[in-house]
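So this one's data_1.csv, CSV, C-alpha atoms and all ligand atoms:
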chain,number,residue,atom,x,y,z
T,1,MET,CA,0.2,-22.5,14.0
T,2,THR,CA,-0.8,-26.0,15.0
T,3,THR,CA,0.1,-26.7,18.6
T,4,ASN,CA,1.1,-30.1,19.9
T,5,SER,CA,-0.5,-30.9,23.1
T,6,LYS,CA,2.7,-32.8,24.2
T,7,ASP,CA,5.5,-30.6,25.4
T,8,MET,CA,8.6,-31.7,23.7
T,9,ARG,CA,10.9,-29.1,25.1
T,10,LYS,CA,14.1,-29.9,27.1
T,11,THR,CA,14.5,-28.5,30.5
T,12,TRP,CA,16.8,-25.7,29.4
T,13,GLU,CA,14.4,-24.7,26.7
T,14,LYS,CA,11.6,-24.4,29.2
T,15,ILE,CA,13.8,-22.2,31.3
T,16,ALA,CA,14.8,-20.2,28.3
T,17,ASP,CA,11.2,-19.8,27.2
T,18,TYR,CA,10.3,-18.5,30.7
T,19,PHE,CA,12.8,-15.8,30.4
T,20,ARG,CA,12.0,-15.0,26.8
T,21,ALA,CA,8.4,-14.6,27.6
T,22,HIS,CA,9.1,-11.9,30.2
T,23,SER,CA,11.4,-9.8,28.2
T,24,ILE,CA,10.0,-9.2,24.8
T,25,TRP,CA,11.3,-6.6,22.4
T,26,MET,CA,8.9,-5.8,19.7
T,27,LYS,CA,9.4,-4.5,16.2
T,28,TRP,CA,6.3,-3.2,14.7
T,29,TYR,CA,6.0,-2.8,11.0
T,30,CYS,CA,3.5,-0.1,10.5
T,31,THR,CA,2.1,-1.1,7.1
T,32,GLY,CA,-1.5,-0.1,7.4
T,33,CYS,CA,-3.9,2.1,9.3
T,34,GLY,CA,-3.7,0.0,12.5
T,35,ALA,CA,-0.3,1.5,13.4
T,36,ILE,CA,-2.2,4.4,14.9
T,37,GLU,CA,-3.3,2.1,17.8
T,38,MET,CA,0.3,1.5,18.8
T,39,PRO,CA,1.1,4.9,20.4
T,40,PRO,CA,-1.6,4.5,23.1
T,41,THR,CA,-0.6,0.9,23.6
T,42,MET,CA,3.0,1.9,24.2
T,43,THR,CA,2.6,5.0,26.2
T,44,SER,CA,1.1,5.8,29.5
T,45,ARG,CA,-2.5,5.1,28.7
T,46,PHE,CA,-2.1,1.3,28.3
T,47,ASP,CA,1.6,1.0,28.9
T,48,MET,CA,2.7,-2.2,27.4
T,49,GLU,CA,5.9,-2.1,29.5
T,50,GLN,CA,3.7,-3.5,32.4
T,51,LEU,CA,4.0,-6.8,30.5
T,52,GLY,CA,7.7,-6.5,30.2
T,53,MET,CA,7.6,-5.5,26.5
T,54,GLY,CA,9.5,-2.7,24.9
T,55,PRO,CA,9.8,-1.3,21.5
T,56,MET,CA,12.9,-2.1,19.4
T,57,ALA,CA,14.1,-0.1,16.5
T,58,THR,CA,15.8,-2.8,14.5
T,59,PRO,CA,14.8,-6.3,13.4
T,60,ARG,CA,18.1,-7.9,14.5
T,61,GLN,CA,17.5,-7.2,18.1
T,62,ALA,CA,13.7,-7.8,18.1
T,63,ASP,CA,11.8,-10.9,19.2
T,64,VAL,CA,8.3,-10.0,18.0
T,65,LEU,CA,7.4,-8.7,14.6
T,66,LEU,CA,4.1,-7.0,14.7
T,67,ILE,CA,2.5,-6.5,11.3
T,68,THR,CA,-0.1,-3.7,11.7
T,69,GLY,CA,-2.4,-4.0,8.8
T,70,TYR,CA,-2.5,-4.6,5.1
T,71,LEU,CA,0.7,-5.5,3.2
T,72,SER,CA,1.2,-4.5,-0.3
T,73,ALA,CA,3.4,-6.6,-2.5
T,74,LYS,CA,6.1,-4.0,-2.2
T,75,THR,CA,6.0,-4.0,1.6
T,76,LEU,CA,5.8,-7.7,1.9
T,77,ARG,CA,9.2,-8.0,0.3
T,78,ARG,CA,10.6,-5.7,2.9
T,79,VAL,CA,8.8,-7.5,5.7
T,80,ILE,CA,10.2,-10.8,4.6
T,81,TYR,CA,13.7,-9.2,4.6
T,82,SER,CA,13.1,-7.9,8.1
T,83,TYR,CA,11.7,-11.2,9.3
T,84,GLU,CA,14.7,-13.2,8.0
T,85,GLN,CA,17.1,-10.8,9.7
T,86,MET,CA,15.6,-11.5,13.1
T,87,GLN,CA,17.3,-13.9,15.4
T,88,ASP,CA,15.6,-17.1,16.5
T,89,PRO,CA,13.3,-17.5,18.3
T,90,LYS,CA,11.1,-14.9,16.8
T,91,TYR,CA,7.3,-14.5,16.8
T,92,VAL,CA,5.0,-12.8,14.3
T,93,VAL,CA,1.7,-11.2,15.3
T,94,GLY,CA,-0.8,-10.3,12.6
T,95,PHE,CA,-2.8,-7.3,13.5
T,96,GLY,CA,-6.2,-6.5,12.0
T,97,SER,CA,-8.5,-8.2,9.5
T,98,CYS,CA,-6.3,-7.2,6.6
T,99,THR,CA,-3.6,-9.6,7.7
T,100,LEU,CA,-6.2,-12.3,8.4
T,101,ASN,CA,-8.2,-12.3,5.2
T,102,GLY,CA,-7.6,-9.1,3.3
T,103,GLY,CA,-10.1,-7.1,5.2
T,104,ILE,CA,-11.7,-4.4,3.1
T,105,TYR,CA,-8.9,-4.7,0.6
T,106,PHE,CA,-9.6,-8.3,-0.2
T,107,ASP,CA,-9.9,-7.6,-3.9
T,108,SER,CA,-7.1,-5.2,-4.3
T,109,TYR,CA,-4.4,-5.8,-6.9
T,110,ALA,CA,-1.8,-4.5,-4.6
T,111,THR,CA,-2.4,-6.1,-1.2
T,112,MET,CA,-1.9,-9.6,0.2
T,113,THR,CA,-5.0,-11.4,1.4
T,114,ARG,CA,-3.5,-13.6,4.0
T,115,LEU,CA,-0.2,-13.2,5.9
T,116,ASP,CA,0.3,-16.7,7.1
T,117,HIS,CA,0.9,-17.8,3.5
T,118,TYR,CA,4.2,-15.9,3.5
T,119,LEU,CA,5.3,-15.8,7.1
T,120,PRO,CA,4.5,-18.0,10.1
T,121,VAL,CA,2.0,-16.1,12.2
T,122,ASP,CA,1.8,-17.1,15.8
T,123,LEU,CA,-1.1,-15.0,16.7
T,124,TYR,CA,-3.8,-12.9,15.0
T,125,ILE,CA,-5.6,-10.0,16.4
T,126,ALA,CA,-9.0,-9.7,14.7
T,127,GLY,CA,-10.7,-6.4,14.2
T,128,CYS,CA,-10.6,-3.4,11.9
T,129,MET,CA,-8.8,-1.9,13.7
T,130,PRO,CA,-8.2,-3.7,17.1
T,131,ARG,CA,-8.3,-1.4,20.1
T,132,PRO,CA,-5.4,-1.2,22.4
T,133,GLU,CA,-7.3,-3.4,24.9
T,134,ALA,CA,-7.3,-6.1,22.3
T,135,ILE,CA,-3.6,-5.6,21.6
T,136,MET,CA,-2.8,-5.9,25.3
T,137,ASN,CA,-4.9,-9.0,25.5
T,138,ALA,CA,-3.1,-10.5,22.5
T,139,PHE,CA,0.3,-9.7,24.1
T,140,ASP,CA,-0.8,-11.4,27.2
T,141,THR,CA,-1.8,-14.4,25.2
T,142,LEU,CA,1.5,-14.3,23.3
T,143,ILE,CA,3.5,-14.3,26.5
T,144,LYS,CA,1.6,-17.3,27.8
T,145,MET,CA,2.1,-19.1,24.5
T,146,ILE,CA,5.8,-18.4,24.6
T,147,GLU,CA,6.0,-19.6,28.1
T,148,LYS,CA,4.2,-22.8,27.2
T,149,GLY,CA,6.3,-23.3,24.1
T,150,GLU,CA,3.3,-23.0,21.8
T,151,ALA,CA,4.6,-20.1,19.7
T,152,LYS,CA,6.6,-22.2,17.3
T,153,GLY,CA,6.1,-20.3,14.1
T,154,TRP,CA,9.8,-19.7,13.6
T,155,ARG,CA,10.5,-23.4,13.7
T,156,HIS,CA,7.6,-24.0,11.3
T,157,TYR,CA,9.2,-21.5,9.0
T,158,GLN,CA,12.5,-23.3,9.1
T,159,GLU,CA,11.0,-26.7,8.5
T,160,ASN,CA,8.6,-25.6,5.8
T,161,HIS,CA,10.8,-23.1,4.2
T,162,ASP,CA,10.1,-24.5,0.7
T,163,TRP,CA,6.4,-24.0,1.1
T,164,TYR,CA,6.7,-20.5,2.3
T,165,ARG,CA,9.2,-19.6,-0.3
T,166,LYS,CA,7.0,-21.1,-3.0
T,167,ASN,CA,4.1,-18.9,-1.9
T,168,GLN,CA,6.3,-15.8,-1.7
T,169,LEU,CA,7.5,-16.4,-5.2
T,170,HIS,CA,4.0,-17.1,-6.5
T,171,SER,CA,2.7,-13.8,-5.3
T,172,LEU,CA,5.8,-11.6,-5.6
T,173,LYS,CA,7.8,-13.3,-8.4
T,174,GLU,CA,11.0,-12.2,-6.6
T,175,VAL,CA,11.6,-11.4,-3.0
T,176,TYR,CA,14.8,-9.5,-3.8
T,177,VAL,CA,14.3,-5.8,-3.1
T,178,LYS,CA,15.3,-3.5,-5.8
T,179,ASP,CA,15.3,0.0,-4.6
T,180,GLU,CA,15.7,2.9,-7.0
T,181,PHE,CA,17.1,5.1,-4.3
T,182,HIS,CA,19.8,2.6,-3.4
T,183,GLU,CA,20.9,1.7,-6.9
D,1,MET,CA,-13.9,36.9,-8.2
D,2,ASN,CA,-12.5,39.8,-10.1
D,3,SER,CA,-9.2,38.2,-10.8
D,4,MET,CA,-11.1,35.1,-11.9
D,5,ASN,CA,-13.2,37.0,-14.4
D,6,LYS,CA,-10.0,38.6,-15.8
D,7,LEU,CA,-8.4,35.2,-16.1
D,8,VAL,CA,-11.3,33.7,-17.9
D,9,GLU,CA,-11.5,36.6,-20.3
D,10,GLU,CA,-7.8,36.5,-21.0
D,11,LEU,CA,-7.7,32.7,-21.6
D,12,LYS,CA,-10.7,32.9,-23.9
D,13,GLY,CA,-9.1,35.6,-25.9
D,14,ARG,CA,-5.8,33.8,-26.3
D,15,PHE,CA,-6.8,30.2,-26.7
D,16,THR,CA,-9.5,28.2,-28.4
D,17,LEU,CA,-11.0,26.5,-25.4
D,18,LEU,CA,-13.4,23.7,-25.9
D,19,GLU,CA,-15.2,24.2,-22.6
D,20,VAL,CA,-14.9,26.5,-19.6
D,21,LEU,CA,-16.5,25.6,-16.3
D,22,LEU,CA,-16.5,27.4,-12.9
D,23,PRO,CA,-17.2,24.8,-10.3
D,24,ASP,CA,-16.1,27.1,-7.4
D,25,GLN,CA,-15.1,30.7,-6.8
D,26,GLN,CA,-11.5,29.8,-6.9
D,27,GLN,CA,-11.6,27.0,-9.4
D,28,LEU,CA,-11.6,27.1,-13.1
D,29,ILE,CA,-11.8,24.1,-15.5
D,30,VAL,CA,-10.7,24.5,-19.1
D,31,ASP,CA,-10.8,21.8,-21.7
D,32,ILE,CA,-8.4,22.2,-24.5
D,33,ASP,CA,-7.2,20.1,-27.4
D,34,GLN,CA,-3.9,18.3,-27.3
D,35,MET,CA,-2.2,20.7,-29.7
D,36,HIS,CA,-2.6,23.8,-27.6
D,37,LEU,CA,-2.1,22.3,-24.1
D,38,HIS,CA,1.5,23.1,-23.9
D,39,ALA,CA,1.0,26.7,-25.0
D,40,LEU,CA,-1.7,27.1,-22.4
D,41,LEU,CA,0.4,25.7,-19.6
D,42,SER,CA,3.4,27.8,-20.5
D,43,HIS,CA,1.2,30.8,-20.5
D,44,LEU,CA,-0.3,29.9,-17.1
D,45,LYS,CA,3.2,29.3,-15.7
D,46,ALA,CA,4.4,32.7,-16.9
D,47,THR,CA,1.4,34.5,-15.4
D,48,GLY,CA,1.7,33.3,-11.8
D,49,PHE,CA,0.6,29.6,-11.8
D,50,ARG,CA,3.9,28.4,-10.6
D,51,GLN,CA,2.8,25.2,-9.0
D,52,LEU,CA,1.7,22.0,-10.7
D,53,SER,CA,-0.4,20.5,-8.0
D,54,LEU,CA,-1.4,17.3,-9.8
D,55,LEU,CA,-1.3,15.5,-13.1
D,56,THR,CA,-3.6,12.5,-13.3
D,57,ALA,CA,-5.7,10.7,-15.8
D,58,VAL,CA,-9.3,9.5,-16.1
D,59,ASP,CA,-10.2,6.5,-18.2
D,60,TRP,CA,-13.4,7.1,-20.2
D,61,ILE,CA,-13.6,3.6,-21.5
D,62,GLU,CA,-16.9,4.0,-23.2
D,63,GLU,CA,-15.8,7.0,-25.2
D,64,ASN,CA,-12.5,5.2,-25.8
D,65,THR,CA,-10.5,8.1,-24.5
D,66,PHE,CA,-8.1,9.0,-21.7
D,67,GLN,CA,-8.5,12.4,-20.2
D,68,LEU,CA,-5.4,14.0,-18.7
D,69,VAL,CA,-5.9,16.5,-16.0
D,70,TYR,CA,-3.3,19.1,-15.0
D,71,ILE,CA,-4.0,21.1,-11.9
D,72,VAL,CA,-2.0,24.3,-11.5
D,73,PHE,CA,-2.2,26.7,-8.6
D,74,ASN,CA,-1.5,30.4,-8.2
D,75,TRP,CA,-0.2,31.3,-4.8
D,76,ASP,CA,-0.9,35.0,-5.1
D,77,THR,CA,-4.6,34.8,-6.0
D,78,GLY,CA,-5.3,31.3,-4.6
D,79,ILE,CA,-6.9,30.1,-7.9
D,80,HIS,CA,-6.7,26.6,-9.2
D,81,VAL,CA,-6.9,25.9,-12.9
D,82,LEU,CA,-7.7,22.4,-14.1
D,83,VAL,CA,-6.5,22.0,-17.6
D,84,ARG,CA,-8.0,18.9,-19.3
D,85,THR,CA,-7.3,17.3,-22.5
D,86,LYS,CA,-8.4,14.0,-24.2
D,87,LEU,CA,-6.3,11.3,-25.9
D,88,PRO,CA,-7.5,8.4,-27.9
D,89,ARG,CA,-7.3,5.3,-25.7
D,90,ASP,CA,-5.7,3.0,-28.3
D,91,LYS,CA,-3.0,5.5,-29.0
D,92,ALA,CA,-2.2,6.8,-25.6
D,93,VAL,CA,0.8,8.9,-26.3
D,94,PHE,CA,1.4,12.5,-25.3
D,95,ARG,CA,4.2,14.9,-25.0
D,96,THR,CA,5.9,15.6,-21.7
D,97,ILE,CA,5.5,18.9,-19.9
D,98,THR,CA,8.7,18.5,-17.9
D,99,GLY,CA,10.1,21.4,-20.0
D,100,ILE,CA,7.5,23.7,-18.4
D,101,TYR,CA,7.0,22.1,-15.0
D,102,PRO,CA,10.0,19.9,-14.1
D,103,GLY,CA,8.1,18.5,-11.2
D,104,ALA,CA,5.8,16.7,-13.6
D,105,GLN,CA,8.6,14.1,-13.9
D,106,TYR,CA,7.1,11.9,-11.1
D,107,TYR,CA,3.5,12.5,-12.1
D,108,GLU,CA,4.2,11.3,-15.6
D,109,ARG,CA,5.9,8.2,-14.3
D,110,ASP,CA,2.8,7.7,-12.1
D,111,VAL,CA,0.4,8.1,-15.0
D,112,HIS,CA,2.4,5.9,-17.3
D,113,GLU,CA,2.5,3.2,-14.7
D,114,PHE,CA,-1.1,3.3,-13.7
D,115,PHE,CA,-2.8,4.1,-17.0
D,116,GLY,CA,-0.2,3.2,-19.6
D,117,VAL,CA,-0.1,6.7,-21.1
D,118,ALA,CA,3.4,7.2,-22.6
D,119,PHE,CA,5.0,10.7,-22.4
D,120,GLU,CA,7.3,11.3,-25.3
D,121,GLY,CA,10.4,13.3,-24.4
D,122,ASN,CA,10.5,12.0,-20.8
D,123,VAL,CA,12.7,8.9,-20.8
D,124,MET,CA,12.3,8.5,-17.1
D,125,SER,CA,8.6,8.2,-17.4
D,126,PHE,CA,8.9,4.6,-18.6
D,127,LYS,CA,10.5,3.5,-15.3
D,128,PRO,CA,8.2,1.9,-12.8
D,129,LEU,CA,7.5,4.1,-9.8
D,130,PHE,CA,5.3,2.3,-7.2
D,131,LEU,CA,4.6,-1.1,-8.5
D,132,GLU,CA,7.5,-3.6,-8.5
D,133,LEU,CA,7.7,-6.3,-11.2
D,134,TRP,CA,4.2,-5.5,-12.6
D,135,ASP,CA,3.4,-7.6,-15.6
D,136,GLU,CA,-0.3,-7.0,-16.2
D,137,LEU,CA,-2.4,-4.2,-17.7
D,138,PRO,CA,-1.9,-0.9,-15.9
D,139,PRO,CA,-4.1,-1.3,-12.9
D,140,MET,CA,-6.1,1.9,-13.1
D,141,ARG,CA,-7.4,1.1,-16.5
D,142,LYS,CA,-11.1,0.3,-16.4
D,143,ASP,CA,-10.6,-3.0,-18.3
D,144,PHE,CA,-8.2,-4.3,-15.7
D,145,ASP,CA,-10.0,-6.6,-13.2
D,146,PRO,CA,-8.4,-6.2,-9.8
D,147,GLU,CA,-10.4,-8.9,-8.2
D,148,ALA,CA,-9.5,-11.6,-10.7
D,149,TYR,CA,-5.9,-10.5,-10.3
D,150,SER,CA,-6.0,-10.7,-6.6
D,151,ARG,CA,-7.6,-14.2,-6.7
D,152,GLU,CA,-5.0,-15.5,-8.9
D,153,LYS,CA,-2.0,-13.9,-7.2
D,154,PHE,CA,-2.9,-13.8,-3.6
D,155,PRO,CA,-4.7,-16.9,-2.4
D,156,GLU,CA,-7.6,-16.3,-0.1
D,157,ARG,CA,-8.3,-17.9,3.2
D,158,PRO,CA,-11.0,-20.5,2.8
D,159,TYR,CA,-14.0,-19.2,4.7
D,160,VAL,CA,-15.8,-21.7,7.0
D,161,PRO,CA,-18.7,-20.1,8.7
D,162,GLN,CA,-18.9,-21.6,12.1
D,163,PHE,CA,-20.9,-19.1,14.0
D,164,VAL,CA,-23.7,-18.4,11.7
D,165,PRO,CA,-26.9,-19.5,13.4
D,166,LYS,CA,-29.6,-21.3,11.5
D,167,VAL,CA,-32.5,-18.9,11.1
D,168,GLU,CA,-35.9,-20.3,10.3
D,169,VAL,CA,-38.1,-18.1,8.4
D,170,VAL,CA,-41.6,-17.9,9.8
D,171,GLU,CA,-44.2,-16.8,7.4
A,1,LIG,S1,-7.7,-4.2,9.3
A,1,LIG,FE1,-8.8,-2.2,9.0
A,1,LIG,S2,-7.6,-0.8,10.3
A,1,LIG,FE2,-6.3,-2.6,9.9
A,1,LIG,S3,-5.1,-2.1,8.0
A,1,LIG,FE3,-7.0,-3.2,7.4
A,1,LIG,S4,-8.5,-1.6,6.9
A,1,LIG,FE4,-6.8,-0.7,8.2
Would you put the structure from the file into structure tokens?
Ligand code: SF4
Amino acid sequence: MTTNSKDMRKTWEKIADYFRAHSIWMKWYCTGCGAIEMPPTMTSRFDMEQLGMGPMATPRQADVLLITGYLSAKTLRRVIYSYEQMQDPKYVVGFGSCTLNGGIYFDSYATMTRLDHYLPVDLYIAGCMPRPEAIMNAFDTLIKMIEKGEAKGWRHYQENHDWYRKNQLHSLKEVYVKDEFHE
Amino acid sequence: MNSMNKLVEELKGRFTLLEVLLPDQQQLIVDIDQMHLHALLSHLKATGFRQLSLLTAVDWIEENTFQLVYIVFNWDTGIHVLVRTKLPRDKAVFRTITGIYPGAQYYERDVHEFFGVAFEGNVMSFKPLFLELWDELPPMRKDFDPEAYSREKFPERPYVPQFVPKVEVVE
């Protein structure tokens, strides 16, 4: 996201952002291979709780949506659902080169080539796949961004909803999820 | 190896096989024409090949044929049999085997979705399985161009090389 150098936040927002930055619940959507780097990040080896982050099972209670890897058209519909269920403020982290530019699946008929066309990505982690060190580094950056009020993807999504919706519909035709097993 | 020899002899005696190959000790490949495939599969099922491990297709675009591959497995002897048959590409219709192996239901849906082979007698096989709202050629056909599709549907990130150093070639 583009960041304004001028801080437009009100005082209470600054305080709120300070607290938000230090208590982050993360929902990770394990779409691609990168999900395998999450267990060491969360457990004792790298222990993301040292940053004040914890895993969250549902999108409604989560602050961060972590997209770990490529998204197929089918998953993207579910991810958009999950994202829209989350409460503001919410942050999206794109993980791996597949979310950046399609990675090795750039020419696949089934996978998206760039995530920020469909959802406002606050931070990308490059690499195929990024090591837990890189993830911890990214979380650290994300915390700083939230504290400074630079992670404004959710607002961008609200303000440019038409643009995002147009892209979603162009690639997916319909965002509505039809699931055979829930018919 | 013994049970394999017996199996080959038996199948050769009962069916007109177009080709028999033994790629491995425990693997047998038989090519058969469309008419006799169902008889062969029912025979295999009745003689211990209880499991249908896979049904898939190969697109031989230059020969203008689709090849269907049925892999069945015998848990007692550990033998795999690959039963293969060819269909004309422009008339890709075959009959279902769900009467013999009910589990083929999903494989037939899969093959129909990705290759466009229709299975008569299996109404369910026309339902999409993995792809949602697909409106193009079945994607595993060789004449489908995934890259062009991806370009059109999923816009790419414009690539601006910023870190590429200028290299002067010294001769
Ligand atoms: S970036 Fe690499 S590791 Fe991550 S989903 Fe893509 S191919 Fe897999």
### Query
How many Å lie between atom CA of T:Met112 and atom CA of T:Phe95, rounded to one decimal?
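So the two atoms, atom CA of T:Met112 and atom CA of T:Phe95, lie 13.5 Å apart.
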### Task
Name the residues in contact with stretch 128-142 of chain T at a cut-off of 10 Å, using only C-alpha atoms, excluding same-chain residues fewer than 5 positions from it; report them as number ranges by chain.
T: 21, 24, 32-42, 45-48, 50-51, 53, 64, 68-69, 91-93, 95-98, 103-104, 122-123, 147-148, 150-151
Using all atoms listed in the file, determine which residues of chain T fall within 9 Å of chain D; present them as a PDB file with C-alpha atoms, in the frame of the given file.
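Output saved as iface.pdb:
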ATOM      1  CA  ALA T  73       3.400  -6.600  -2.500  1.00  0.00           C
ATOM      2  CA  LYS T  74       6.100  -4.000  -2.200  1.00  0.00           C
ATOM      3  CA  LEU T 100      -6.200 -12.300   8.400  1.00  0.00           C
ATOM      4  CA  ASN T 101      -8.200 -12.300   5.200  1.00  0.00           C
ATOM      5  CA  GLY T 102      -7.600  -9.100   3.300  1.00  0.00           C
ATOM      6  CA  PHE T 106      -9.600  -8.300  -0.200  1.00  0.00           C
ATOM      7  CA  ASP T 107      -9.900  -7.600  -3.900  1.00  0.00           C
ATOM      8  CA  SER T 108      -7.100  -5.200  -4.300  1.00  0.00           C
ATOM      9  CA  TYR T 109      -4.400  -5.800  -6.900  1.00  0.00           C
ATOM     10  CA  ALA T 110      -1.800  -4.500  -4.600  1.00  0.00           C
ATOM     11  CA  THR T 111      -2.400  -6.100  -1.200  1.00  0.00           C
ATOM     12  CA  MET T 112      -1.900  -9.600   0.200  1.00  0.00           C
ATOM     13  CA  THR T 113      -5.000 -11.400   1.400  1.00  0.00           C
ATOM     14  CA  ARG T 114      -3.500 -13.600   4.000  1.00  0.00           C
ATOM     15  CA  HIS T 117       0.900 -17.800   3.500  1.00  0.00           C
ATOM     16  CA  ASN T 167       4.100 -18.900  -1.900  1.00  0.00           C
ATOM     17  CA  HIS T 170       4.000 -17.100  -6.500  1.00  0.00           C
ATOM     18  CA  SER T 171       2.700 -13.800  -5.300  1.00  0.00           C
ATOM     19  CA  LEU T 172       5.800 -11.600  -5.600  1.00  0.00           C
ATOM     20  CA  LYS T 173       7.800 -13.300  -8.400  1.00  0.00           C
ATOM     21  CA  GLU T 174      11.000 -12.200  -6.600  1.00  0.00           C
ATOM     22  CA  VAL T 177      14.300  -5.800  -3.100  1.00  0.00           C
ATOM     23  CA  LYS T 178      15.300  -3.500  -5.800  1.00  0.00           C
ATOM     24  CA  GLU T 180      15.700   2.900  -7.000  1.00  0.00           C
TER      25      GLU T 180
END
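Put simply, atom CA of D:Gly99 is 19.0 Å away from atom CA of D:Val81.
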### Task
Take the point (-3.4, 2.9, -15.3) in the file's coordinates, draw a sphere of radius 7 Å around it, and report as a list of chain:residue names every protein, DNA or RNA residue with an atom inside or on it, counting all atoms listed in the file.
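Protein, DNA and RNA residues close to (-3.4, 2.9, -15.3): D:Val111, D:His112, D:Glu113, D:Phe114, D:Phe115, D:Gly116, D:Pro138, D:Pro139, D:Met140, D:Arg141.
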### Task
Tell me, as a ChimeraX atom specification, which residues lie within 9 Å of stretch 44-56 of chain D, counting all atoms listed in the file; anything in the same chain fewer than 2 positions away does not count.
/D:39-42,58,67-77,79-81,100-101,103-104,107-108,110-111
Need the shell around T:Thr11: protein/DNA/RNA residues with any atom at most 12 Å away, counting all atoms listed in the file. Skip same-chain ones fewer than 6 positions apart. Format as a PDB file with C-alpha atoms, in the coordinates of the input?
ATOM      1  CA  ASP T  17      11.200 -19.800  27.200  1.00  0.00           C
ATOM      2  CA  TYR T  18      10.300 -18.500  30.700  1.00  0.00           C
ATOM      3  CA  GLY T 149       6.300 -23.300  24.100  1.00  0.00           C
TER       4      GLY T 149
END
### Message
I need the residue nearest D:Asp24 from this list: D:Leu87, D:Val123, D:Ile61, D:Met4. Use only C-alpha atoms for the distance.
### Response
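So, comparing all the options, the nearest one is D:Met4.
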### Query
Which residues, protein or nucleic acid, reach to within 10 Å of (-12.9, 35.0, -14.8) in the file's coordinates when using all atoms listed in the file, and can you give that as a VMD selection string?
chain D and resid 1 to 12 20 22 25 to 28
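Among T:Pro120, T:Thr31, T:Gln158, T:Thr43, the residue with the shortest atom-to-atom distance to ligand LIG 1 (chain A), counting all atoms listed in the file, is T:Thr31.
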Within 12 Å of T:Leu65, counting all atoms listed in the file, which residues qualify if same-chain residues fewer than 6 places away don't, as an mmCIF file with C-alpha atoms, in the coordinates of the input?
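Final output, out.cif:
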data_model
loop_
_atom_site.group_PDB
_atom_site.id
_atom_site.type_symbol
_atom_site.label_atom_id
_atom_site.label_comp_id
_atom_site.auth_asym_id
_atom_site.auth_seq_id
_atom_site.Cartn_x
_atom_site.Cartn_y
_atom_site.Cartn_z
ATOM 1 C CA ILE T 24 10.000 -9.200 24.800
ATOM 2 C CA TRP T 25 11.300 -6.600 22.400
ATOM 3 C CA MET T 26 8.900 -5.800 19.700
ATOM 4 C CA LYS T 27 9.400 -4.500 16.200
ATOM 5 C CA TRP T 28 6.300 -3.200 14.700
ATOM 6 C CA TYR T 29 6.000 -2.800 11.000
ATOM 7 C CA CYS T 30 3.500 -0.100 10.500
ATOM 8 C CA THR T 31 2.100 -1.100 7.100
ATOM 9 C CA PRO T 55 9.800 -1.300 21.500
ATOM 10 C CA MET T 56 12.900 -2.100 19.400
ATOM 11 C CA ALA T 57 14.100 -0.100 16.500
ATOM 12 C CA THR T 58 15.800 -2.800 14.500
ATOM 13 C CA PRO T 59 14.800 -6.300 13.400
ATOM 14 C CA VAL T 79 8.800 -7.500 5.700
ATOM 15 C CA ILE T 80 10.200 -10.800 4.600
ATOM 16 C CA TYR T 81 13.700 -9.200 4.600
ATOM 17 C CA SER T 82 13.100 -7.900 8.100
ATOM 18 C CA TYR T 83 11.700 -11.200 9.300
ATOM 19 C CA GLU T 84 14.700 -13.200 8.000
ATOM 20 C CA GLN T 85 17.100 -10.800 9.700
ATOM 21 C CA MET T 86 15.600 -11.500 13.100
ATOM 22 C CA GLN T 87 17.300 -13.900 15.400
ATOM 23 C CA ASP T 88 15.600 -17.100 16.500
ATOM 24 C CA PRO T 89 13.300 -17.500 18.300
ATOM 25 C CA LYS T 90 11.100 -14.900 16.800
ATOM 26 C CA TYR T 91 7.300 -14.500 16.800
ATOM 27 C CA VAL T 92 5.000 -12.800 14.300
ATOM 28 C CA VAL T 93 1.700 -11.200 15.300
ATOM 29 C CA GLY T 94 -0.800 -10.300 12.600
ATOM 30 C CA PHE T 95 -2.800 -7.300 13.500
ATOM 31 C CA LEU T 119 5.300 -15.800 7.100
ATOM 32 C CA PRO T 120 4.500 -18.000 10.100
ATOM 33 C CA VAL T 121 2.000 -16.100 12.200
ATOM 34 C CA ASP T 122 1.800 -17.100 15.800
ATOM 35 C CA LEU T 123 -1.100 -15.000 16.700
ATOM 36 C CA TYR T 124 -3.800 -12.900 15.000
ATOM 37 C CA PHE T 139 0.300 -9.700 24.100
ATOM 38 C CA LEU T 142 1.500 -14.300 23.300
ATOM 39 C CA GLY T 153 6.100 -20.300 14.100
ATOM 40 C CA TRP T 154 9.800 -19.700 13.600
#
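Straight-line separation from atom FE2 of ligand LIG 1 (chain A) to atom CA of T:Trp163: 26.4 Å.
Nearest to D:Ile97 of all the residues D:Leu37, D:Val117, D:Val167, D:Leu17 is D:Leu37, counting all atoms listed in the file.
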